[in-house]
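K.L.:
My structure is in start.cif, and what it holds is mmCIF, C-alpha atoms:
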data_entry
loop_
_atom_site.label_atom_id
_atom_site.label_comp_id
_atom_site.auth_asym_id
_atom_site.auth_seq_id
_atom_site.Cartn_x
_atom_site.Cartn_y
_atom_site.Cartn_z
CA MET Z 47 100.86 81.14 80.31
CA ASN Z 48 98.97 78.29 78.63
CA GLU Z 49 100.76 77.21 75.46
CA CYS Z 50 99.54 74.76 72.85
CA GLY Z 51 99.67 71.07 73.64
CA LYS Z 52 102.20 69.01 71.68
CA LEU Z 53 102.14 65.48 70.34
CA ILE Z 54 105.38 63.88 71.52
CA VAL Z 55 106.11 60.47 70.05
CA VAL Z 56 108.82 58.34 71.68
CA SER Z 57 109.95 55.19 69.92
CA GLY Z 58 112.89 52.89 70.26
CA PRO Z 59 113.73 49.23 69.84
CA SER Z 60 112.85 46.74 72.57
CA GLY Z 61 115.71 46.81 75.03
CA ALA Z 62 116.49 50.50 74.51
CA GLY Z 63 115.20 51.21 78.03
CA LYS Z 64 112.50 53.56 76.75
CA SER Z 65 109.87 52.85 79.45
CA THR Z 66 112.14 53.89 82.33
CA VAL Z 67 113.07 57.09 80.55
CA ILE Z 68 109.42 57.89 79.79
CA SER Z 69 108.36 57.39 83.44
CA ARG Z 70 111.03 59.89 84.52
CA VAL Z 71 109.79 62.43 81.99
CA MET Z 72 106.17 61.96 83.12
CA GLU Z 73 107.11 62.37 86.80
CA ALA Z 74 108.89 65.64 86.07
CA ASP Z 75 106.44 67.33 83.69
CA LYS Z 76 102.82 67.45 84.79
CA SER Z 77 101.68 69.25 81.62
CA VAL Z 78 102.33 66.04 79.68
CA VAL Z 79 99.77 63.22 79.66
CA PHE Z 80 100.74 59.67 78.70
CA SER Z 81 98.76 58.14 75.84
CA VAL Z 82 97.85 54.62 76.91
CA SER Z 83 98.07 52.30 73.89
CA ALA Z 84 95.85 49.33 73.21
CA THR Z 85 97.64 46.05 72.53
CA THR Z 86 96.80 42.41 71.94
CA ARG Z 87 99.99 41.26 73.64
CA LYS Z 88 99.85 39.64 77.09
CA PRO Z 89 100.70 41.83 80.12
CA ARG Z 90 104.27 41.52 81.45
CA SER Z 91 104.84 41.21 85.18
CA GLY Z 92 103.91 44.49 86.90
CA GLU Z 93 102.03 45.99 83.93
CA ARG Z 94 98.62 47.43 84.80
CA GLU Z 95 95.47 47.59 82.65
CA GLY Z 96 94.65 51.18 81.65
CA VAL Z 97 97.99 52.46 82.96
CA ASP Z 98 100.64 50.70 80.86
CA TYR Z 99 98.26 49.43 78.14
CA PHE Z 100 94.66 48.65 77.42
CA PHE Z 101 95.09 44.89 77.04
CA THR Z 102 92.66 44.00 74.27
CA GLU Z 103 91.48 40.78 72.57
CA PHE Z 104 92.39 40.31 68.90
CA GLY Z 105 88.74 40.46 67.79
CA LYS Z 106 88.03 43.62 69.73
CA PHE Z 107 91.20 45.28 68.37
CA GLU Z 108 90.16 44.49 64.80
CA ALA Z 109 86.74 46.00 65.47
CA MET Z 110 88.45 49.23 66.66
CA ILE Z 111 90.40 49.34 63.39
CA GLU Z 112 87.15 48.76 61.47
CA ASN Z 113 85.35 51.56 63.33
CA ASP Z 114 88.18 54.09 62.84
CA GLU Z 115 88.67 54.42 66.60
CA LEU Z 116 92.49 54.38 66.38
CA LEU Z 117 94.84 57.25 65.60
CA GLU Z 118 97.44 54.77 64.37
CA TYR Z 119 98.07 51.07 64.70
CA ALA Z 120 100.63 48.51 63.66
CA GLN Z 121 101.34 44.83 63.88
CA TYR Z 122 104.63 44.15 65.64
CA VAL Z 123 106.16 40.80 66.64
CA GLU Z 124 102.79 38.98 66.13
CA ASN Z 125 100.72 41.50 68.08
CA TYR Z 126 98.67 44.60 67.38
CA TYR Z 127 99.52 47.92 69.02
CA GLY Z 128 97.44 51.07 68.51
CA THR Z 129 96.40 54.43 69.94
CA PRO Z 130 92.75 55.03 70.86
CA LYS Z 131 91.78 58.34 69.28
CA ALA Z 132 89.27 59.84 71.74
CA PRO Z 133 91.49 60.46 74.84
CA VAL Z 134 94.22 62.09 72.72
CA LEU Z 135 91.84 64.59 71.14
CA GLU Z 136 90.30 65.37 74.56
CA ASN Z 137 93.71 66.16 76.09
CA LEU Z 138 94.81 68.33 73.17
CA GLU Z 139 91.57 70.32 73.48
CA LYS Z 140 92.49 70.98 77.13
CA GLY Z 141 95.86 72.36 75.95
CA LEU Z 142 97.82 69.42 77.40
CA SER Z 143 100.67 67.69 75.60
CA VAL Z 144 100.33 63.98 74.91
CA LEU Z 145 103.30 61.61 74.98
CA PHE Z 146 103.07 58.41 72.90
CA ASP Z 147 105.22 55.33 73.43
CA ILE Z 148 104.70 53.78 69.98
CA GLU Z 149 106.77 51.84 67.51
CA VAL Z 150 108.20 53.15 64.28
CA GLN Z 151 105.38 52.27 61.84
CA GLY Z 152 102.74 53.86 64.07
CA ALA Z 153 104.92 56.89 64.70
CA LEU Z 154 105.33 57.57 60.99
CA GLN Z 155 101.55 57.09 60.45
CA LEU Z 156 100.91 59.67 63.18
CA LYS Z 157 103.42 62.11 61.67
CA GLN Z 158 101.64 61.87 58.31
CA GLN Z 159 98.34 62.86 59.92
CA TYR Z 160 99.90 65.39 62.33
CA PRO Z 161 103.07 66.81 60.74
CA GLU Z 162 103.58 68.97 63.84
CA ALA Z 163 104.07 65.82 65.98
CA ILE Z 164 107.58 65.60 67.48
CA LEU Z 165 109.28 62.25 66.81
CA ILE Z 166 111.96 61.11 69.26
CA PHE Z 167 113.93 57.87 68.79
CA VAL Z 168 115.58 56.44 71.93
CA ILE Z 169 118.64 54.19 71.58
CA PRO Z 170 121.70 53.24 73.60
CA SER Z 171 125.00 54.65 72.27
CA ASP Z 172 126.12 51.08 71.61
CA PHE Z 173 123.80 48.61 69.81
CA SER Z 174 125.13 45.62 71.78
CA GLN Z 175 123.36 47.07 74.86
CA ILE Z 176 120.03 46.19 73.25
CA GLU Z 177 120.72 42.46 73.18
CA LYS Z 178 122.17 42.63 76.69
CA ARG Z 179 119.05 44.34 78.07
CA LEU Z 180 116.67 41.92 76.31
CA ARG Z 181 118.50 38.99 77.92
CA THR Z 182 118.63 40.64 81.36
CA ARG Z 183 114.87 41.30 81.17
CA GLY Z 184 114.34 37.56 80.79
CA THR Z 185 110.78 37.88 79.48
CA ASP Z 186 111.38 36.56 75.95
CA SER Z 187 112.39 33.22 74.47
CA GLU Z 188 115.67 32.96 72.55
CA GLU Z 189 113.74 33.00 69.29
CA LYS Z 190 111.79 36.13 70.28
CA ILE Z 191 115.02 37.87 71.29
CA ARG Z 192 116.53 37.12 67.87
CA GLN Z 193 113.35 38.38 66.21
CA ARG Z 194 113.45 41.58 68.31
CA ILE Z 195 117.08 42.24 67.34
CA LYS Z 196 116.20 41.84 63.67
CA THR Z 197 113.24 44.20 64.12
CA ALA Z 198 115.51 46.68 65.95
CA LYS Z 199 117.77 46.89 62.91
CA THR Z 200 114.78 47.63 60.66
CA GLU Z 201 113.72 50.36 63.11
CA TYR Z 202 117.19 51.93 63.02
CA SER Z 203 116.85 52.23 59.25
CA MET Z 204 113.62 54.22 59.69
CA ALA Z 205 114.92 56.47 62.47
CA LEU Z 206 116.34 59.08 60.12
CA ASN Z 207 112.73 60.13 59.55
CA TYR Z 208 112.62 61.12 63.23
CA ASP Z 209 113.19 64.67 64.46
CA TYR Z 210 115.41 63.75 67.39
CA ILE Z 211 117.62 60.90 68.59
CA VAL Z 212 118.02 60.58 72.35
CA ILE Z 213 120.88 58.50 73.71
CA ASN Z 214 119.92 56.32 76.67
CA ASP Z 215 123.03 55.13 78.47
CA ASP Z 216 121.79 56.83 81.64
CA PRO Z 217 117.99 57.14 82.06
CA ASP Z 218 118.30 60.46 83.93
CA LEU Z 219 120.34 62.02 81.13
CA ALA Z 220 117.98 60.64 78.50
CA ALA Z 221 114.96 61.99 80.40
CA PHE Z 222 116.76 65.35 80.65
CA GLU Z 223 117.20 65.38 76.88
CA ILE Z 224 113.51 64.61 76.26
CA LYS Z 225 112.41 67.30 78.73
CA SER Z 226 114.72 69.78 76.97
CA ILE Z 227 113.20 68.85 73.61
CA ILE Z 228 109.66 69.44 74.96
CA THR Z 229 110.69 72.83 76.41
CA ALA Z 230 112.48 73.83 73.21
CA GLU Z 231 109.52 72.85 71.03
CA LYS Z 232 107.26 75.11 73.11
CA CYS Z 233 109.67 77.98 72.31
CA ARG Z 234 109.34 77.55 68.54
CA ALA Z 235 108.63 80.90 66.89
CA ASN Z 236 105.43 79.54 65.31
CA ASN Z 237 104.05 78.75 68.75
CA ARG Z 238 104.77 82.16 70.15
CA LYS Z 239 103.63 84.32 67.27
CA LYS Z 240 101.01 85.91 69.54
CA TYR Z 241 103.75 87.80 71.43
CA LEU Z 242 104.80 89.46 68.18
CA ASP Z 243 101.25 90.01 66.91
CA GLU Z 244 100.42 92.12 69.96
CA VAL Z 245 103.05 94.65 68.87
CA LEU Z 246 102.66 94.49 65.08
CA MET E 25 130.83 62.18 73.52
CA ASN E 26 131.99 65.17 71.51
CA GLU E 27 129.14 66.47 69.37
CA CYS E 28 129.33 69.16 66.70
CA GLY E 29 129.54 72.76 67.78
CA LYS E 30 126.50 74.92 67.10
CA LEU E 31 126.07 78.55 66.11
CA ILE E 32 123.55 80.00 68.56
CA VAL E 33 122.35 83.50 67.75
CA VAL E 34 120.50 85.44 70.44
CA SER E 35 118.83 88.71 69.47
CA GLY E 36 116.26 90.93 71.09
CA PRO E 37 115.38 94.60 71.31
CA SER E 38 117.29 96.88 73.68
CA GLY E 39 115.59 96.57 77.02
CA ALA E 40 114.61 92.92 76.56
CA GLY E 41 117.13 91.97 79.25
CA LYS E 42 119.12 89.77 76.89
CA SER E 43 122.58 90.33 78.41
CA THR E 44 121.59 89.04 81.85
CA VAL E 45 120.00 85.96 80.32
CA ILE E 46 123.07 85.29 78.18
CA SER E 47 125.44 85.53 81.16
CA ARG E 48 123.37 82.90 82.99
CA VAL E 49 123.51 80.57 79.99
CA MET E 50 127.28 81.03 79.68
CA GLU E 51 127.82 80.33 83.41
CA ALA E 52 125.86 77.09 83.16
CA ASP E 53 127.18 75.62 79.90
CA LYS E 54 130.95 75.46 79.52
CA SER E 55 130.75 73.94 76.03
CA VAL E 56 129.46 77.28 74.75
CA VAL E 57 131.86 80.14 73.97
CA PHE E 58 130.63 83.73 73.73
CA SER E 59 131.39 85.51 70.47
CA VAL E 60 132.67 88.97 71.37
CA SER E 61 131.34 91.49 68.85
CA ALA E 62 133.17 94.54 67.62
CA THR E 63 131.30 97.83 67.91
CA THR E 64 131.89 101.53 67.34
CA ARG E 65 129.58 102.49 70.21
CA LYS E 66 131.05 103.83 73.46
CA PRO E 67 131.39 101.40 76.42
CA ARG E 68 128.60 101.52 79.01
CA SER E 69 129.50 101.54 82.69
CA GLY E 70 131.00 98.15 83.66
CA GLU E 71 131.57 96.94 80.10
CA ARG E 72 135.05 95.51 79.48
CA GLU E 73 137.14 95.58 76.29
CA GLY E 74 137.48 92.08 74.77
CA VAL E 75 134.88 90.64 77.16
CA ASP E 76 131.66 92.49 76.35
CA TYR E 77 132.83 94.01 73.07
CA PHE E 78 135.89 94.94 71.10
CA PHE E 79 135.39 98.71 71.19
CA THR E 80 136.57 99.86 67.80
CA GLU E 81 137.06 103.23 66.04
CA PHE E 82 134.84 103.95 63.03
CA GLY E 83 137.77 103.95 60.62
CA LYS E 84 139.14 100.66 61.89
CA PHE E 85 135.69 99.06 61.71
CA GLU E 86 135.28 100.13 58.09
CA ALA E 87 138.70 98.64 57.29
CA MET E 88 137.54 95.31 58.79
CA ILE E 89 134.49 95.41 56.50
CA GLU E 90 136.76 96.19 53.54
CA ASN E 91 139.13 93.30 54.37
CA ASP E 92 136.28 90.76 54.79
CA GLU E 93 137.25 90.11 58.42
CA LEU E 94 133.64 90.10 59.65
CA LEU E 95 131.13 87.25 59.61
CA GLU E 96 128.28 89.77 59.64
CA TYR E 97 127.87 93.42 60.48
CA ALA E 98 125.14 96.00 60.68
CA GLN E 99 124.61 99.64 61.44
CA TYR E 100 122.23 100.13 64.34
CA VAL E 101 121.24 103.37 66.10
CA GLU E 102 124.19 105.27 64.52
CA ASN E 103 126.82 102.66 65.34
CA TYR E 104 128.39 99.64 63.67
CA TYR E 105 128.21 96.19 65.25
CA GLY E 106 129.91 93.14 63.75
CA THR E 107 131.36 89.70 64.39
CA PRO E 108 135.09 89.11 63.82
CA LYS E 109 135.34 85.95 61.75
CA ALA E 110 138.59 84.31 62.94
CA PRO E 111 137.72 83.42 66.58
CA VAL E 112 134.36 81.90 65.56
CA LEU E 113 135.93 79.57 63.00
CA GLU E 114 138.64 78.56 65.50
CA ASN E 115 136.06 77.59 68.15
CA LEU E 116 133.91 75.63 65.71
CA GLU E 117 137.00 73.69 64.62
CA LYS E 118 137.53 72.74 68.28
CA GLY E 119 133.94 71.37 68.37
CA LEU E 120 132.72 74.16 70.67
CA SER E 121 129.42 75.98 70.24
CA VAL E 122 129.51 79.73 69.76
CA LEU E 123 126.81 82.04 71.12
CA PHE E 124 126.27 85.38 69.37
CA ASP E 125 124.54 88.37 70.90
CA ILE E 126 123.73 90.19 67.65
CA GLU E 127 120.88 92.29 66.33
CA VAL E 128 118.31 91.19 63.78
CA GLN E 129 120.00 92.31 60.52
CA GLY E 130 123.28 90.60 61.45
CA ALA E 131 121.46 87.48 62.62
CA LEU E 132 119.65 87.07 59.32
CA GLN E 133 122.95 87.66 57.43
CA LEU E 134 124.55 84.90 59.49
CA LYS E 135 121.62 82.53 58.86
CA GLN E 136 122.00 83.06 55.11
CA GLN E 137 125.65 82.01 55.29
CA TYR E 138 125.09 79.28 57.91
CA PRO E 139 121.53 77.93 57.53
CA GLU E 140 122.22 75.54 60.41
CA ALA E 141 122.62 78.52 62.81
CA ILE E 142 119.95 78.56 65.54
CA LEU E 143 118.17 81.92 65.83
CA ILE E 144 116.64 82.82 69.20
CA PHE E 145 114.68 86.05 69.76
CA VAL E 146 114.38 87.21 73.39
CA ILE E 147 111.45 89.44 74.42
CA PRO E 148 109.41 90.17 77.52
CA SER E 149 105.83 88.82 77.43
CA ASP E 150 104.60 92.43 77.52
CA PHE E 151 106.08 95.05 75.16
CA SER E 152 105.64 97.86 77.72
CA GLN E 153 108.43 96.21 79.77
CA ILE E 154 110.91 97.27 77.09
CA GLU E 155 110.29 100.99 77.56
CA LYS E 156 110.30 100.52 81.32
CA ARG E 157 113.68 98.77 81.29
CA LEU E 158 115.25 101.35 78.94
CA ARG E 159 114.21 104.13 81.34
CA THR E 160 115.39 102.24 84.43
CA ARG E 161 118.78 101.65 82.80
CA GLY E 162 119.16 105.42 82.51
CA THR E 163 121.96 105.25 79.92
CA ASP E 164 120.06 106.82 76.99
CA SER E 165 118.59 110.23 76.26
CA GLU E 166 114.83 110.57 75.77
CA GLU E 167 115.37 110.83 72.03
CA LYS E 168 117.51 107.65 71.96
CA ILE E 169 114.89 105.81 74.00
CA ARG E 170 112.20 106.77 71.47
CA GLN E 171 114.49 105.68 68.64
CA ARG E 172 115.16 102.33 70.39
CA ILE E 173 111.43 101.70 70.81
CA LYS E 174 110.84 102.39 67.12
CA THR E 175 113.73 100.03 66.25
CA ALA E 176 112.30 97.40 68.60
CA LYS E 177 109.03 97.38 66.64
CA THR E 178 110.93 96.85 63.38
CA GLU E 179 112.80 93.98 65.02
CA TYR E 180 109.54 92.35 66.14
CA SER E 181 108.42 92.36 62.51
CA MET E 182 111.54 90.37 61.55
CA ALA E 183 111.38 87.90 64.43
CA LEU E 184 109.14 85.46 62.60
CA ASN E 185 112.24 84.52 60.62
CA TYR E 186 113.73 83.28 63.89
CA ASP E 187 113.62 79.63 64.97
CA TYR E 188 112.70 80.28 68.59
CA ILE E 189 111.16 83.00 70.74
CA VAL E 190 112.23 83.01 74.39
CA ILE E 191 110.14 84.96 76.90
CA ASN E 192 112.18 86.91 79.42
CA ASP E 193 110.02 87.91 82.35
CA ASP E 194 112.34 86.00 84.68
CA PRO E 195 116.02 85.71 83.58
CA ASP E 196 116.40 82.26 85.18
CA LEU E 197 113.43 80.88 83.26
CA ALA E 198 114.62 82.51 80.03
CA ALA E 199 118.11 81.05 80.53
CA PHE E 200 116.49 77.65 81.19
CA GLU E 201 114.64 77.90 77.87
CA ILE E 202 117.84 78.78 75.97
CA LYS E 203 119.76 75.93 77.62
CA SER E 204 116.91 73.56 76.69
CA ILE E 205 117.06 74.77 73.08
CA ILE E 206 120.82 74.13 72.93
CA THR E 207 120.37 70.62 74.40
CA ALA E 208 117.47 69.84 72.05
CA GLU E 209 119.40 71.02 68.99
CA LYS E 210 122.25 68.64 69.89
CA CYS E 211 119.68 65.80 69.84
CA ARG E 212 118.55 66.53 66.26
CA ALA E 213 118.52 63.31 64.22
CA ASN E 214 120.88 64.84 61.64
CA ASN E 215 123.50 65.38 64.34
CA ARG E 216 123.31 61.87 65.66
CA LYS E 217 123.22 59.94 62.40
CA LYS E 218 126.48 58.24 63.38
CA TYR E 219 124.65 56.15 66.03
CA LEU E 220 122.41 54.74 63.30
CA ASP E 221 125.19 54.35 60.73
CA GLU E 222 127.09 52.01 63.07
CA VAL E 223 124.19 49.55 62.87
CA LEU E 224 123.12 50.00 59.25
#
Could you write out this structure as structure tokens?
P.N.:
Amino acid sequence: MNECGKLIVVSGPSGAGKSTVISRVMEADKSVVFSVSATTRKPRSGEREGVDYFFTEFGKFEAMIENDELLEYAQYVENYYGTPKAPVLENLEKGLSVLFDIEVQGALQLKQQYPEAILIFVIPSDFSQIEKRLRTRGTDSEEKIRQRIKTAKTEYSMALNYDYIVINDDPDLAAFEIKSIITAEKCRANNRKKYLDEVL
Amino acid sequence: MNECGKLIVVSGPSGAGKSTVISRVMEADKSVVFSVSATTRKPRSGEREGVDYFFTEFGKFEAMIENDELLEYAQYVENYYGTPKAPVLENLEKGLSVLFDIEVQGALQLKQQYPEAILIFVIPSDFSQIEKRLRTRGTDSEEKIRQRIKTAKTEYSMALNYDYIVINDDPDLAAFEIKSIITAEKCRANNRKKYLDEVL
């Protein structure tokens, strides 16, 4: 039975291991489409244009803001990140759910426009894991790492506005939690009113 | 990591196939304890004292009401059903979740006292299945079946006060939905505040 598509927003500080968890969710649930963000940051090794991000020049990104082509956007560690509006609306119209990997500011912007959006914050059980993972990744300078840790703390302070907190010490367990949240949200009484209406 | 115990209330009209679904949930999740209700109705074939119900005389049940020993109770198709208070409070203190198989009136009573209780309504996707299952069960007279169908319709009208509606056309799928709801509820941001507090 086709049930309404959901907006599922996953955020988490750099180094929370979010991307791995999200790929496992996407592999397991084919009714969920990943929203590819636009960003002005440079691609990391292995990242693909149109799959991981739409890598976009600063000027072009600012034109998208100007033309209201973004669902949300934010500036984060010197770069812009944002969600192109058109593909999201197309997928929702098809009844598909859309999963967003966006940072806290953008997530809260989206929730204001779409209060039914489901906000999930991914963190390790122990904060020290974040620093450890950033260093292991080896993609950032010492200064950037320090900046990311500071930003992470700010994000933690905004996470109480989220609906769910998923603990990522084991990506399979974290993906299991996110899949359970998506299933549970589809079972919300508001979504399934039609089964009652048929009788009443 | 020990997380707070939940009150999980499962209701559904007679013939919705609730009991089978609940047994599958209980088999799969050992952190959930079943709350054995007291009832004045006669045991059905295969039902065991203290496992399925505490089968209780009318007079004794009314004394339990009088002595405030019940968390909720209701009269339903000529019989009393209620939840003895003591074992529930003991399990919650141990950090275990408690699953209640109670009808709509009792569920809404419980929700008033414990707003954090999670209310799940189990129904087949097609109402005609209810009548079919009641007849197949063969435990009720024609008059009782008609009464149960009338009661079922009243219950449907109260189900919008529930948090979740689980569709039971396949008991394994329905059990999967309930397990997902329990997992998702444990991930609620309010429950996991402690992971943020450590950093803030």
K.L.:
Please expand the PyMOL selection byres ((chain Z) within 8 of (chain E)) into the concrete residues it hits in this file, giving the result as a PyMOL selection string.
P.N.:
chain Z and resi 171-173+199+202-203+205-206+208-212+223-227+229-230+233-236+238-239+241-242+245-246
K.L.:
Can you measure atom CA of E:Tyr138 to atom CA of E:Leu113 for me? One decimal in Å is fine.
P.N.:
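Calculated distance between atom CA of E:Tyr138 and atom CA of E:Leu113 is 12.0 Å.
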K.L.:
How far is it from atom CA of E:Ile169 to atom CA of E:Pro37, in Å with one decimal?
P.N.:
11.5 Å
K.L.:
Can you translate the PyMOL selection byres ((chain E and resi 110) around 12) into the concrete residues it hits in this file, as a PyMOL selection string?
P.N.:
chain E and resi 59-61+88+92-95+107-109+111-117
K.L.:
What box, with edges along x, y and z, holds each listed atom of stretch 145-156 of chain E when 4 Å is added on every side, and can you state its centre and edge lengths in Å to one decimal, as AutoDock Vina command-line options?
P.N.:
--center_x 109.6 --center_y 93.5 --center_z 75.5 --size_x 18.1 --size_y 22.9 --size_z 19.6
K.L.:
How many Å separate atom CA of E:Val146 from atom CA of E:Val34?
P.N.:
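Going from atom CA of E:Val146 over to atom CA of E:Val34, I get 7.0 Å.
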K.L.:
Could you tell me which residues the PyMOL selection byres ((chain E and resi 52) around 12) returns for this structure, as a short mmCIF file (atom, residue, chain, number, x, y, z; two decimals) with C-alpha atoms, in the frame of the given file?
P.N.:
data_model
loop_
_atom_site.label_atom_id
_atom_site.label_comp_id
_atom_site.auth_asym_id
_atom_site.auth_seq_id
_atom_site.Cartn_x
_atom_site.Cartn_y
_atom_site.Cartn_z
CA VAL E 45 120.00 85.96 80.32
CA ILE E 46 123.07 85.29 78.18
CA SER E 47 125.44 85.53 81.16
CA ARG E 48 123.37 82.90 82.99
CA VAL E 49 123.51 80.57 79.99
CA MET E 50 127.28 81.03 79.68
CA GLU E 51 127.82 80.33 83.41
CA ASP E 53 127.18 75.62 79.90
CA LYS E 54 130.95 75.46 79.52
CA SER E 55 130.75 73.94 76.03
CA VAL E 56 129.46 77.28 74.75
CA VAL E 57 131.86 80.14 73.97
CA ASP E 196 116.40 82.26 85.18
CA ALA E 199 118.11 81.05 80.53
CA PHE E 200 116.49 77.65 81.19
CA ILE E 202 117.84 78.78 75.97
CA LYS E 203 119.76 75.93 77.62
CA SER E 204 116.91 73.56 76.69
CA ILE E 206 120.82 74.13 72.93
#
K.L.:
Measuring atom to atom with only C-alpha atoms, identify which of E:Glu71, E:Asp194, E:Glu81, E:Glu167 is nearest to E:Asn103.
P.N.:
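Selected residue with least distance to E:Asn103: E:Glu81.
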K.L.:
Please, which residues are within 8 Å of (108.8, 53.9, 76.0) by the file's coordinates, counting all atoms listed in the file, and could they come as a VMD selection string?
P.N.:
chain Z and resid 56 to 58 63 to 68 146 to 148
K.L.:
Any idea what's packed within 6 Å of Z:Tyr126, counting all atoms listed in the file, ignoring anything in its chain fewer than 2 positions away? Could you give it as a PyMOL selection string?
P.N.:
chain Z and resi 85-86+120-121
K.L.:
Since fewer atoms than expected are present, regenerate N, CA and C atoms for stretch 157-170 of chain Z and write them as a compact mmCIF listing (two decimals), in the frame of the given file.
P.N.:
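Ended up saving to selection-v5.txt:
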# COMPACT_ATOMS: atom_id res chain seq x y z
N LYS Z 157 102.77 60.92 62.22
CA LYS Z 157 103.42 62.11 61.67
C LYS Z 157 102.78 62.53 60.34
N GLN Z 158 102.31 61.54 59.58
CA GLN Z 158 101.64 61.87 58.31
C GLN Z 158 100.34 62.64 58.57
N GLN Z 159 99.60 62.18 59.59
CA GLN Z 159 98.34 62.86 59.92
C GLN Z 159 98.57 64.17 60.66
N TYR Z 160 99.60 64.20 61.52
CA TYR Z 160 99.90 65.39 62.33
C TYR Z 160 101.37 65.75 62.12
N PRO Z 161 101.67 66.51 61.05
CA PRO Z 161 103.07 66.81 60.74
C PRO Z 161 103.77 67.58 61.87
N GLU Z 162 103.00 68.21 62.74
CA GLU Z 162 103.58 68.97 63.84
C GLU Z 162 104.00 68.05 65.00
N ALA Z 163 103.66 66.76 64.93
CA ALA Z 163 104.07 65.82 65.98
C ALA Z 163 105.60 65.76 66.04
N ILE Z 164 106.13 65.61 67.26
CA ILE Z 164 107.58 65.60 67.48
C ILE Z 164 108.01 64.15 67.66
N LEU Z 165 108.87 63.66 66.78
CA LEU Z 165 109.28 62.25 66.81
C LEU Z 165 110.66 62.09 67.44
N ILE Z 166 110.71 61.33 68.52
CA ILE Z 166 111.96 61.11 69.26
C ILE Z 166 112.29 59.61 69.27
N PHE Z 167 113.49 59.27 68.83
CA PHE Z 167 113.93 57.87 68.79
C PHE Z 167 114.96 57.66 69.90
N VAL Z 168 114.70 56.69 70.78
CA VAL Z 168 115.58 56.44 71.93
C VAL Z 168 116.42 55.18 71.68
N ILE Z 169 117.73 55.33 71.78
CA ILE Z 169 118.64 54.19 71.58
C ILE Z 169 119.82 54.29 72.55
N PRO Z 170 120.44 53.16 72.87
CA PRO Z 170 121.70 53.24 73.60
C PRO Z 170 122.81 53.69 72.64
